[in-house]
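Next comes input-v3.txt, with compact mmCIF, C-alpha atoms.
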# COMPACT_ATOMS: atom_id res chain seq x y z
CA MET V 1 0.14 -126.51 -78.47
CA SER V 2 -1.90 -123.82 -76.71
CA ASP V 3 -5.62 -124.23 -76.05
CA VAL V 4 -6.35 -121.42 -78.51
CA LYS V 5 -4.48 -123.15 -81.31
CA ARG V 6 -5.99 -126.53 -80.49
CA HIS V 7 -9.49 -125.06 -80.65
CA ILE V 8 -8.68 -123.30 -83.94
CA GLN V 9 -7.45 -126.55 -85.48
CA ASP V 10 -10.59 -128.28 -84.21
CA GLY V 11 -12.60 -125.47 -85.81
CA VAL V 12 -10.99 -126.07 -89.20
CA GLU V 13 -11.63 -129.80 -88.90
CA ALA V 14 -15.27 -129.14 -88.00
CA VAL V 15 -15.88 -127.41 -91.33
CA HIS V 16 -13.58 -129.63 -93.39
CA ASP V 17 -16.38 -131.19 -95.41
CA GLU V 18 -17.99 -127.81 -96.02
CA LEU V 19 -14.70 -126.31 -97.20
CA THR V 20 -13.98 -129.25 -99.49
CA ALA V 21 -17.46 -129.05 -101.00
CA LEU V 22 -17.02 -125.31 -101.58
CA SER V 23 -13.64 -125.76 -103.25
CA GLU V 24 -14.87 -128.56 -105.50
CA ASP V 25 -18.01 -126.62 -106.45
CA LEU V 26 -15.94 -123.60 -107.48
CA HIS V 27 -13.61 -125.89 -109.40
CA ARG V 28 -16.48 -127.49 -111.33
CA HIS V 29 -18.01 -124.13 -112.24
CA PRO V 30 -15.15 -121.71 -113.03
CA GLU V 31 -15.98 -118.06 -113.65
CA THR V 32 -13.53 -115.52 -115.07
CA ALA V 33 -12.67 -112.00 -113.91
CA TRP V 34 -15.62 -109.72 -113.06
CA LYS V 35 -18.07 -112.53 -113.90
CA GLU V 36 -17.79 -114.50 -110.64
CA VAL V 37 -21.44 -114.05 -109.64
CA GLU V 38 -22.07 -117.64 -108.55
CA SER V 39 -18.58 -118.12 -107.11
CA ALA V 40 -18.74 -115.05 -104.89
CA GLY V 41 -22.21 -116.06 -103.75
CA LYS V 42 -21.11 -119.57 -102.77
CA VAL V 43 -18.19 -118.35 -100.66
CA ALA V 44 -20.41 -115.74 -98.99
CA GLU V 45 -23.05 -118.39 -98.24
CA VAL V 46 -20.53 -120.57 -96.37
CA LEU V 47 -19.55 -117.62 -94.19
CA GLY V 48 -23.16 -116.62 -93.61
CA ARG V 49 -24.04 -120.15 -92.46
CA ASN V 50 -21.19 -119.91 -89.96
CA GLY V 51 -22.37 -116.74 -88.26
CA PHE V 52 -20.75 -113.99 -90.32
CA GLU V 53 -22.62 -110.84 -91.26
CA VAL V 54 -22.29 -110.69 -95.05
CA THR V 55 -22.52 -107.66 -97.34
CA ARG V 56 -22.91 -108.45 -101.05
CA ASN V 57 -22.14 -106.01 -103.86
CA PHE V 58 -19.45 -104.62 -101.55
CA VAL V 59 -18.21 -101.08 -102.34
CA GLY V 60 -20.37 -101.16 -105.44
CA LEU V 61 -18.64 -104.13 -107.10
CA PRO V 62 -21.20 -106.83 -108.01
CA THR V 63 -18.85 -109.77 -107.46
CA ALA V 64 -17.17 -108.47 -104.30
CA PHE V 65 -18.40 -109.16 -100.77
CA HIS V 66 -17.49 -108.49 -97.16
CA ALA V 67 -18.10 -110.83 -94.22
CA ARG V 68 -17.64 -109.80 -90.60
CA PHE V 69 -17.68 -111.57 -87.22
CA GLY V 70 -17.08 -110.06 -83.78
CA THR V 71 -16.52 -106.61 -82.35
CA GLY V 72 -12.88 -106.72 -81.27
CA ARG V 73 -10.62 -103.70 -81.37
CA ARG V 74 -8.23 -105.27 -83.91
CA ARG V 75 -9.40 -106.19 -87.41
CA ILE V 76 -7.90 -109.16 -89.27
CA GLY V 77 -8.90 -109.59 -92.92
CA PHE V 78 -8.62 -112.76 -95.00
CA MET V 79 -8.68 -112.32 -98.77
CA ALA V 80 -10.76 -114.71 -100.86
CA GLU V 81 -10.05 -114.99 -104.58
CA TYR V 82 -12.32 -117.03 -106.83
CA ASP V 83 -11.81 -115.98 -110.45
CA ALA V 84 -10.62 -118.60 -112.91
CA LEU V 85 -8.53 -118.44 -116.08
CA PRO V 86 -10.11 -118.33 -119.54
CA GLY V 87 -10.02 -121.75 -121.15
CA ILE V 88 -8.21 -123.60 -118.34
CA GLY V 89 -10.45 -123.01 -115.35
CA HIS V 90 -8.94 -123.08 -111.87
CA ALA V 91 -5.39 -123.63 -113.10
CA CYS V 92 -4.16 -121.17 -110.47
CA GLY V 93 -6.15 -122.72 -107.65
CA HIS V 94 -8.28 -119.80 -106.56
CA ASN V 95 -10.92 -122.31 -105.46
CA LEU V 96 -8.44 -123.35 -102.76
CA ILE V 97 -7.76 -119.72 -101.77
CA SER V 98 -11.44 -119.20 -101.05
CA ALA V 99 -11.65 -122.40 -99.02
CA MET V 100 -8.50 -121.61 -97.01
CA SER V 101 -9.57 -118.05 -96.22
CA ALA V 102 -13.11 -119.07 -95.31
CA GLY V 103 -11.82 -121.92 -93.14
CA ALA V 104 -9.29 -119.70 -91.35
CA ALA V 105 -11.93 -117.06 -90.66
CA VAL V 106 -14.56 -119.50 -89.38
CA ALA V 107 -12.07 -121.23 -87.07
CA LEU V 108 -10.61 -117.95 -85.78
CA ALA V 109 -14.09 -116.55 -85.16
CA ARG V 110 -14.60 -119.19 -82.47
CA ARG V 111 -11.98 -117.40 -80.35
CA ALA V 112 -12.53 -113.85 -81.59
CA GLY V 113 -13.91 -112.58 -78.27
CA GLU V 114 -11.00 -113.63 -76.09
CA LEU V 115 -8.51 -112.44 -78.72
CA ASP V 116 -10.23 -109.03 -78.99
CA LEU V 117 -10.57 -109.49 -82.74
CA THR V 118 -12.99 -108.62 -85.47
CA VAL V 119 -12.59 -111.33 -88.09
CA GLU V 120 -13.32 -110.34 -91.69
CA VAL V 121 -13.28 -111.95 -95.12
CA PHE V 122 -13.07 -109.87 -98.28
CA GLY V 123 -14.34 -111.44 -101.47
CA THR V 124 -11.98 -109.99 -104.07
CA PRO V 125 -12.85 -110.42 -107.77
CA ALA V 126 -10.68 -110.27 -110.86
CA GLU V 127 -7.20 -111.00 -109.58
CA GLU V 128 -6.24 -112.57 -112.91
CA GLY V 129 -5.54 -109.31 -114.68
CA GLY V 130 -8.49 -107.18 -113.61
CA GLY V 131 -7.04 -105.68 -110.43
CA GLY V 132 -10.10 -106.25 -108.25
CA LYS V 133 -8.28 -105.48 -104.99
CA ILE V 134 -6.98 -102.21 -106.45
CA GLU V 135 -10.53 -101.16 -107.29
CA MET V 136 -11.55 -102.09 -103.76
CA LEU V 137 -8.65 -100.10 -102.30
CA ASP V 138 -9.68 -97.03 -104.28
CA ARG V 139 -13.21 -97.37 -102.91
CA GLY V 140 -12.05 -97.60 -99.29
CA ALA V 141 -12.75 -101.30 -98.77
CA PHE V 142 -9.77 -101.91 -96.49
CA GLU V 143 -9.77 -98.69 -94.46
CA GLY V 144 -8.98 -99.33 -90.79
CA LEU V 145 -7.89 -102.92 -91.34
CA ASP V 146 -5.03 -103.92 -89.01
CA PHE V 147 -3.75 -106.89 -90.98
CA ALA V 148 -4.45 -108.66 -94.29
CA MET V 149 -3.54 -112.21 -95.21
CA MET V 150 -4.18 -115.04 -97.64
CA ALA V 151 -2.45 -118.18 -98.89
CA HIS V 152 -2.03 -119.20 -102.53
CA PRO V 153 -1.59 -122.73 -103.93
CA ALA V 154 1.68 -123.54 -105.66
CA PRO V 155 3.75 -126.61 -106.58
CA VAL V 156 5.61 -126.43 -103.22
CA ASP V 157 5.35 -124.48 -99.95
CA VAL V 158 7.03 -121.06 -100.04
CA ALA V 159 6.55 -118.56 -97.23
CA ARG V 160 7.72 -115.28 -98.76
CA ALA V 161 5.97 -113.54 -101.66
CA VAL V 162 8.31 -111.61 -103.97
CA PRO V 163 5.99 -110.85 -106.89
CA PHE V 164 6.80 -108.70 -109.89
CA ALA V 165 5.07 -105.39 -110.29
CA VAL V 166 3.07 -105.59 -113.51
CA SER V 167 1.10 -103.49 -115.96
CA HIS V 168 -1.57 -104.89 -118.28
CA SER V 169 -2.22 -103.14 -121.59
CA ALA V 170 -4.55 -103.52 -124.54
CA VAL V 171 -2.78 -102.67 -127.81
CA ARG V 172 -4.58 -101.70 -131.02
CA TYR V 173 -3.17 -100.89 -134.45
CA THR V 174 -5.41 -99.33 -137.10
CA GLY V 175 -4.28 -99.34 -140.72
CA LYS V 176 -6.17 -99.47 -144.00
CA ALA V 177 -7.73 -102.51 -145.66
CA ALA V 178 -7.06 -103.38 -149.29
CA HIS V 179 -7.09 -106.39 -151.60
CA ALA V 180 -3.79 -108.13 -150.85
CA ALA V 181 -3.18 -109.13 -154.48
CA ALA V 182 -4.87 -106.45 -156.59
CA TYR V 183 -4.27 -103.31 -154.53
CA PRO V 184 -1.56 -103.98 -151.91
CA THR V 185 -0.08 -100.51 -152.33
CA HIS V 186 -3.37 -98.99 -151.19
CA GLY V 187 -3.26 -100.72 -147.79
CA ARG V 188 -1.52 -100.13 -144.45
CA ASN V 189 -0.93 -103.47 -142.78
CA ALA V 190 -1.86 -103.51 -139.10
CA ALA V 191 -0.59 -107.09 -138.73
CA ASP V 192 2.85 -106.01 -139.93
CA ALA V 193 2.85 -103.35 -137.21
CA PHE V 194 2.60 -106.06 -134.55
CA THR V 195 5.35 -108.06 -136.23
CA ILE V 196 7.70 -105.09 -136.11
CA ALA V 197 6.81 -104.34 -132.49
CA GLN V 198 7.42 -107.94 -131.43
CA VAL V 199 10.78 -108.04 -133.19
CA ALA V 200 11.73 -104.77 -131.49
CA ILE V 201 10.71 -106.15 -128.08
CA GLY V 202 12.72 -109.30 -128.74
CA LEU V 203 15.81 -107.24 -129.52
CA LEU V 204 15.18 -104.98 -126.51
CA ARG V 205 15.41 -107.95 -124.16
CA GLN V 206 19.22 -107.96 -124.52
CA GLN V 207 19.27 -104.63 -122.67
CA LEU V 208 16.63 -105.48 -120.06
CA PRO V 209 17.67 -106.57 -116.56
CA PRO V 210 16.84 -110.11 -115.37
CA SER V 211 14.20 -108.65 -113.04
CA VAL V 212 12.04 -107.67 -116.06
CA ARG V 213 9.55 -109.74 -118.06
CA VAL V 214 7.72 -108.62 -121.22
CA HIS V 215 5.15 -110.90 -122.81
CA GLY V 216 1.83 -110.78 -124.63
CA ILE V 217 -0.44 -112.16 -127.31
CA VAL V 218 -2.08 -110.96 -130.51
CA THR V 219 -5.79 -111.54 -130.00
CA SER V 220 -6.90 -110.46 -133.49
CA GLY V 221 -4.54 -110.45 -136.45
CA GLY V 222 -6.87 -109.93 -139.38
CA GLU V 223 -9.92 -111.46 -141.00
CA ALA V 224 -8.79 -113.07 -144.28
CA PRO V 225 -5.44 -113.84 -145.94
CA ASN V 226 -6.40 -111.99 -149.11
CA ALA V 227 -7.28 -108.77 -147.27
CA ILE V 228 -4.63 -106.54 -145.75
CA PRO V 229 -5.59 -106.32 -142.06
CA GLN V 230 -7.03 -102.96 -141.12
CA THR V 231 -7.24 -103.59 -137.36
CA THR V 232 -5.19 -105.83 -135.07
CA LEU V 233 -5.48 -106.24 -131.33
CA GLY V 234 -3.23 -107.57 -128.59
CA ARG V 235 -2.76 -107.80 -124.83
CA TRP V 236 0.66 -107.14 -123.32
CA TYR V 237 2.14 -107.42 -119.81
CA VAL V 238 5.30 -105.71 -118.53
CA ARG V 239 6.73 -106.93 -115.22
CA ALA V 240 9.55 -105.53 -113.08
CA LYS V 241 10.94 -105.78 -109.55
CA ASP V 242 9.15 -102.64 -108.35
CA MET V 243 7.00 -99.77 -109.55
CA ALA V 244 9.95 -97.52 -110.43
CA GLU V 245 11.56 -100.14 -112.67
CA LEU V 246 8.15 -100.91 -114.15
CA ALA V 247 7.61 -97.30 -115.22
CA GLU V 248 11.08 -97.15 -116.80
CA THR V 249 10.54 -100.41 -118.69
CA GLU V 250 7.06 -99.47 -119.88
CA GLU V 251 8.49 -96.44 -121.69
CA LYS V 252 11.00 -98.63 -123.54
CA VAL V 253 8.30 -101.13 -124.53
CA ARG V 254 6.01 -98.34 -125.69
CA ARG V 255 8.71 -97.18 -128.10
CA CYS V 256 8.77 -100.68 -129.60
CA PHE V 257 5.05 -100.43 -130.31
CA GLU V 258 5.53 -96.91 -131.70
CA ALA V 259 8.16 -98.35 -134.06
CA GLY V 260 5.52 -100.68 -135.48
CA ALA V 261 3.19 -97.77 -136.09
CA LEU V 262 5.91 -95.58 -137.59
CA ALA V 263 7.17 -98.24 -139.99
CA THR V 264 3.74 -99.23 -141.32
CA GLY V 265 1.90 -95.92 -141.20
CA CYS V 266 -0.69 -97.35 -138.80
CA GLU V 267 -2.24 -95.62 -135.84
CA LEU V 268 -1.43 -96.96 -132.35
CA GLU V 269 -3.58 -97.02 -129.22
CA ILE V 270 -2.38 -98.44 -125.89
CA GLU V 271 -4.89 -98.54 -123.05
CA PRO V 272 -4.39 -99.96 -119.53
CA GLU V 273 -6.62 -102.92 -118.69
CA SER V 274 -6.26 -102.20 -114.98
CA GLN V 275 -4.09 -100.17 -112.68
CA PRO V 276 -0.58 -101.62 -112.27
CA TYR V 277 -0.01 -104.33 -109.66
CA SER V 278 2.64 -103.37 -107.11
CA ASP V 279 5.54 -105.29 -105.68
CA PHE V 280 4.86 -106.81 -102.23
CA ARG V 281 5.80 -105.46 -98.79
CA THR V 282 5.99 -108.36 -96.34
CA HIS V 283 5.30 -107.91 -92.63
CA GLU V 284 8.42 -109.67 -91.40
CA ALA V 285 7.27 -110.50 -87.86
CA ALA V 286 4.03 -112.03 -89.11
CA LEU V 287 5.89 -114.02 -91.76
CA GLU V 288 8.12 -115.53 -89.06
CA LEU V 289 5.01 -116.57 -87.15
CA TYR V 290 3.51 -118.13 -90.26
CA GLU V 291 6.71 -120.06 -90.99
CA ARG V 292 6.73 -121.59 -87.52
CA ASN V 293 3.05 -122.48 -87.74
CA ALA V 294 3.35 -124.05 -91.18
CA GLU V 295 6.35 -126.12 -90.08
CA ARG V 296 4.45 -127.24 -86.96
CA LEU V 297 1.82 -128.65 -89.31
CA GLY V 298 4.51 -130.60 -91.16
CA ARG V 299 4.80 -128.32 -94.17
CA ARG V 300 8.31 -128.19 -95.68
CA LEU V 301 9.07 -124.62 -96.70
CA VAL V 302 11.29 -124.38 -99.78
CA THR V 303 13.44 -121.28 -100.23
CA GLU V 304 15.21 -121.78 -103.56
CA GLY V 305 15.04 -123.66 -106.83
CA ALA V 306 12.81 -123.63 -109.89
CA GLU V 307 9.90 -125.09 -107.94
CA THR V 308 9.67 -121.88 -105.83
CA GLU V 309 9.16 -119.47 -108.72
CA MET V 310 5.39 -119.15 -108.22
CA SER V 311 6.30 -116.72 -105.44
CA ARG V 312 7.36 -114.28 -108.21
CA ALA V 313 3.92 -114.22 -109.85
CA SER V 314 2.29 -110.79 -109.82
CA THR V 315 -0.73 -110.17 -107.61
CA ASP V 316 -2.96 -107.24 -106.74
CA MET V 317 -2.41 -108.26 -103.11
CA GLY V 318 0.85 -106.34 -103.56
CA ASN V 319 -1.12 -103.09 -103.71
CA VAL V 320 -2.93 -104.02 -100.49
CA SER V 321 0.41 -104.68 -98.78
CA HIS V 322 1.48 -101.08 -99.41
CA VAL V 323 -1.52 -99.87 -97.39
CA VAL V 324 -2.20 -102.66 -94.86
CA PRO V 325 0.44 -104.90 -93.18
CA ALA V 326 0.23 -108.25 -94.95
CA ILE V 327 1.60 -111.68 -95.77
CA HIS V 328 0.95 -113.86 -98.83
CA PRO V 329 2.48 -117.35 -98.39
CA TYR V 330 2.15 -120.27 -100.79
CA VAL V 331 0.81 -123.70 -99.87
CA GLY V 332 2.24 -126.57 -101.90
CA LEU V 333 0.33 -129.31 -103.66
CA GLY V 334 3.44 -131.45 -104.12
CA CYS V 335 2.99 -131.49 -107.89
CA PHE V 336 6.24 -130.06 -109.31
CA PRO V 337 7.05 -130.01 -112.28
CA VAL V 338 3.33 -129.35 -112.87
CA LEU V 339 2.97 -125.56 -112.53
CA ASN V 340 0.33 -122.89 -112.05
CA HIS V 341 -1.48 -121.80 -115.22
CA GLN V 342 -1.22 -125.28 -116.72
CA LYS V 343 -4.34 -127.39 -117.22
CA GLU V 344 -2.65 -130.17 -115.28
CA PHE V 345 -2.34 -127.87 -112.26
CA ALA V 346 -6.11 -127.43 -112.25
CA ASP V 347 -6.37 -131.22 -111.94
CA HIS V 348 -4.26 -131.06 -108.77
CA CYS V 349 -6.54 -128.42 -107.22
CA VAL V 350 -9.03 -131.13 -106.23
CA GLY V 351 -8.28 -134.39 -104.46
CA GLU V 352 -6.34 -135.52 -101.41
CA ALA V 353 -3.40 -133.08 -101.69
CA ALA V 354 -5.80 -130.18 -102.28
CA GLU V 355 -7.86 -131.11 -99.22
CA ARG V 356 -4.75 -131.21 -97.08
CA ALA V 357 -3.69 -127.83 -98.47
CA ILE V 358 -7.06 -126.38 -97.47
CA ALA V 359 -6.81 -127.74 -93.93
CA ASP V 360 -3.17 -126.79 -93.38
CA GLY V 361 -3.45 -123.41 -95.10
CA ALA V 362 -6.54 -122.43 -93.11
CA THR V 363 -4.99 -123.60 -89.85
CA ALA V 364 -1.63 -121.89 -90.42
CA LEU V 365 -3.30 -118.60 -91.34
CA ALA V 366 -5.65 -118.70 -88.36
CA TRP V 367 -2.84 -119.65 -85.98
CA THR V 368 -0.77 -116.74 -87.30
CA ALA V 369 -3.69 -114.36 -86.78
CA ALA V 370 -4.09 -115.63 -83.21
CA ASP V 371 -0.37 -115.15 -82.54
CA LEU V 372 -0.59 -111.57 -83.79
CA ALA V 373 -3.67 -110.91 -81.65
CA GLN V 374 -1.94 -112.20 -78.54
CA ARG V 375 1.05 -109.93 -79.23
CA TRP V 376 -1.27 -106.96 -79.64
CA MET V 377 -2.91 -107.71 -76.30
CA ARG V 378 0.35 -107.63 -74.33
Could you render the structure as structure tokens?
Amino acid sequence: MSDVKRHIQDGVEAVHDELTALSEDLHRHPETAWKEVESAGKVAEVLGRNGFEVTRNFVGLPTAFHARFGTGRRRIGFMAEYDALPGIGHACGHNLISAMSAGAAVALARRAGELDLTVEVFGTPAEEGGGGKIEMLDRGAFEGLDFAMMAHPAPVDVARAVPFAVSHSAVRYTGKAAHAAAYPTHGRNAADAFTIAQVAIGLLRQQLPPSVRVHGIVTSGGEAPNAIPQTTLGRWYVRAKDMAELAETEEKVRRCFEAGALATGCELEIEPESQPYSDFRTHEAALELYERNAERLGRRLVTEGAETEMSRASTDMGNVSHVVPAIHPYVGLGCFPVLNHQKEFADHCVGEAAERAIADGATALAWTAADLAQRWMR
């Protein structure tokens, strides 16, 4: 092991307790998309205590931040996510993402001068459906960045991200209320419109390729069983292998919702909840470096099987990867068949396996950044 890598690993170990405390604090106090005021502040505070210059309310987003260390010619950015899921807290492990990115940045900063690096951390809100990184991209947050990276917890270690592109939509049907027994012929049933749309989507799946996913929920289906529902609301996701397939599939799904409106006489509104998340463009040379570094730490990278499917989950980091060279590996908690977005997964995001994931994830990311920097200096 080179002196640089040894010192980086020592740097991660030096802040181990601080990273663990940060992760556990975020886990105890989950905040959902665009509401991560305390969470963003806690991650920023750790970086500030370790010598980073921190900008809060970054690019005009109250729960985004930017932290910077050094003045090197090349800029490496670590992405920190910290939003939780409604009802099930940190069941996707974003508390660990923040700790890994902060740890990697702090350890790498110790050698930033000799590596000619500027080390940066971007606090990115609202990954769980809000598209925080896309908003930041549109506001110029990542302009001039040479490389972007982060690691995401999963049941097992997977190096390559192959996420679906995804669109998030709010669906609203508006009909006409009426007494369900006395005056049913005077109503237009907005709940029936959703039923028809869901049946149509179910039938459409026979003609959809295996690279497509369509799923959603009805969030409001009426107020009382004896009143024909006037307004119903839902949230729907469409996923596909890339943006072109996503656009094609969205049109087919829209026609299913239009069928519900046509059949019931209701009005239909479909509004995007965020800009679509893109597929991911992996920087192949950097991924090879990460794979070697993760294996050197004793991580067993899995390439196939049901336990690897978290690598397909959509992320707004995909949009970043179309603008800035990037990698997005997954660090395993050894918990399969417990999976992301299950309450039980949140339980695995604290404890011994989680602490090891923080240490190994931070070290592997920082080592990979150092390898890239040394290549750039040749």
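Closest approach to Leu61 in chain V from the set V:Met136, V:Ala197, V:Ala84, V:Met79 is made by V:Met136, with distances taken over all atoms listed in the file.
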Residues near His215 in chain V, cut-off 10 Å, only C-alpha atoms, skip fewer than 6 positions along chain, as an mmCIF file with C-alpha atoms, keeping the file's coordinate frame:
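Result saved to part20.cif:
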data_model
loop_
_atom_site.group_PDB
_atom_site.id
_atom_site.type_symbol
_atom_site.label_atom_id
_atom_site.label_comp_id
_atom_site.auth_asym_id
_atom_site.auth_seq_id
_atom_site.Cartn_x
_atom_site.Cartn_y
_atom_site.Cartn_z
ATOM 1 C CA GLN V 198 7.420 -107.940 -131.430
ATOM 2 C CA ILE V 201 10.710 -106.150 -128.080
ATOM 3 C CA GLY V 202 12.720 -109.300 -128.740
ATOM 4 C CA ARG V 235 -2.760 -107.800 -124.830
ATOM 5 C CA TRP V 236 0.660 -107.140 -123.320
ATOM 6 C CA TYR V 237 2.140 -107.420 -119.810
ATOM 7 C CA VAL V 238 5.300 -105.710 -118.530
ATOM 8 C CA ARG V 239 6.730 -106.930 -115.220
#
- Point out the residue among V:Asp360, V:Glu120, V:Asp242, V:Asp371 with the least atom-to-atom distance to Gln9 in chain V, counting all atoms listed in the file.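 For Gln9 in chain V, the nearest of the given residues is V:Asp360.
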Name all residues at most 9 Å from Val156 in chain V (count only C-alpha atoms; drop same-chain ones fewer than 5 positions away) and give them as a PDB file with C-alpha atoms, in the frame of the given file.
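Result file follows (result_30.pdb):
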ATOM      1  CA  ARG V 300       8.310-128.190 -95.680  1.00  0.00           C
ATOM      2  CA  LEU V 301       9.070-124.620 -96.700  1.00  0.00           C
ATOM      3  CA  VAL V 302      11.290-124.380 -99.780  1.00  0.00           C
ATOM      4  CA  GLU V 307       9.900-125.090-107.940  1.00  0.00           C
ATOM      5  CA  THR V 308       9.670-121.880-105.830  1.00  0.00           C
ATOM      6  CA  MET V 310       5.390-119.150-108.220  1.00  0.00           C
ATOM      7  CA  TYR V 330       2.150-120.270-100.790  1.00  0.00           C
ATOM      8  CA  VAL V 331       0.810-123.700 -99.870  1.00  0.00           C
ATOM      9  CA  GLY V 332       2.240-126.570-101.900  1.00  0.00           C
ATOM     10  CA  LEU V 333       0.330-129.310-103.660  1.00  0.00           C
ATOM     11  CA  GLY V 334       3.440-131.450-104.120  1.00  0.00           C
ATOM     12  CA  CYS V 335       2.990-131.490-107.890  1.00  0.00           C
ATOM     13  CA  PHE V 336       6.240-130.060-109.310  1.00  0.00           C
TER      14      PHE V 336
END
- Of V:Glu251, V:Glu304, V:Glu31, V:Glu223, the one nearest to Pro125 in chain V when counting all atoms listed in the file is V:Glu31
- Which is closest to Gly87 in chain V among V:Phe69, V:Pro30, V:Gln275, V:Gly351, if we use all atoms listed in the file? V:Pro30
- Message: Applying 12 Å and all atoms listed in the file, which residues near Arg255 in chain V remain after dropping the ones on its own chain fewer than 3 positions away? List them as a list in words.
- Response: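 Residues near the query, excluding close chain neighbours: Ile196, Ala197, Gln198, Ala200, Ile201, Leu204, Glu248, Thr249, Glu250, Glu251, Lys252, Glu258, Ala259, Gly260, Ala261, Leu262, Leu268 and Ile270 of chain V.
With distances restricted to all atoms listed in the file, V:Trp367 is the closest residue to Val4 in chain V from V:Trp367, V:Tyr82, V:Phe280, V:Phe58.
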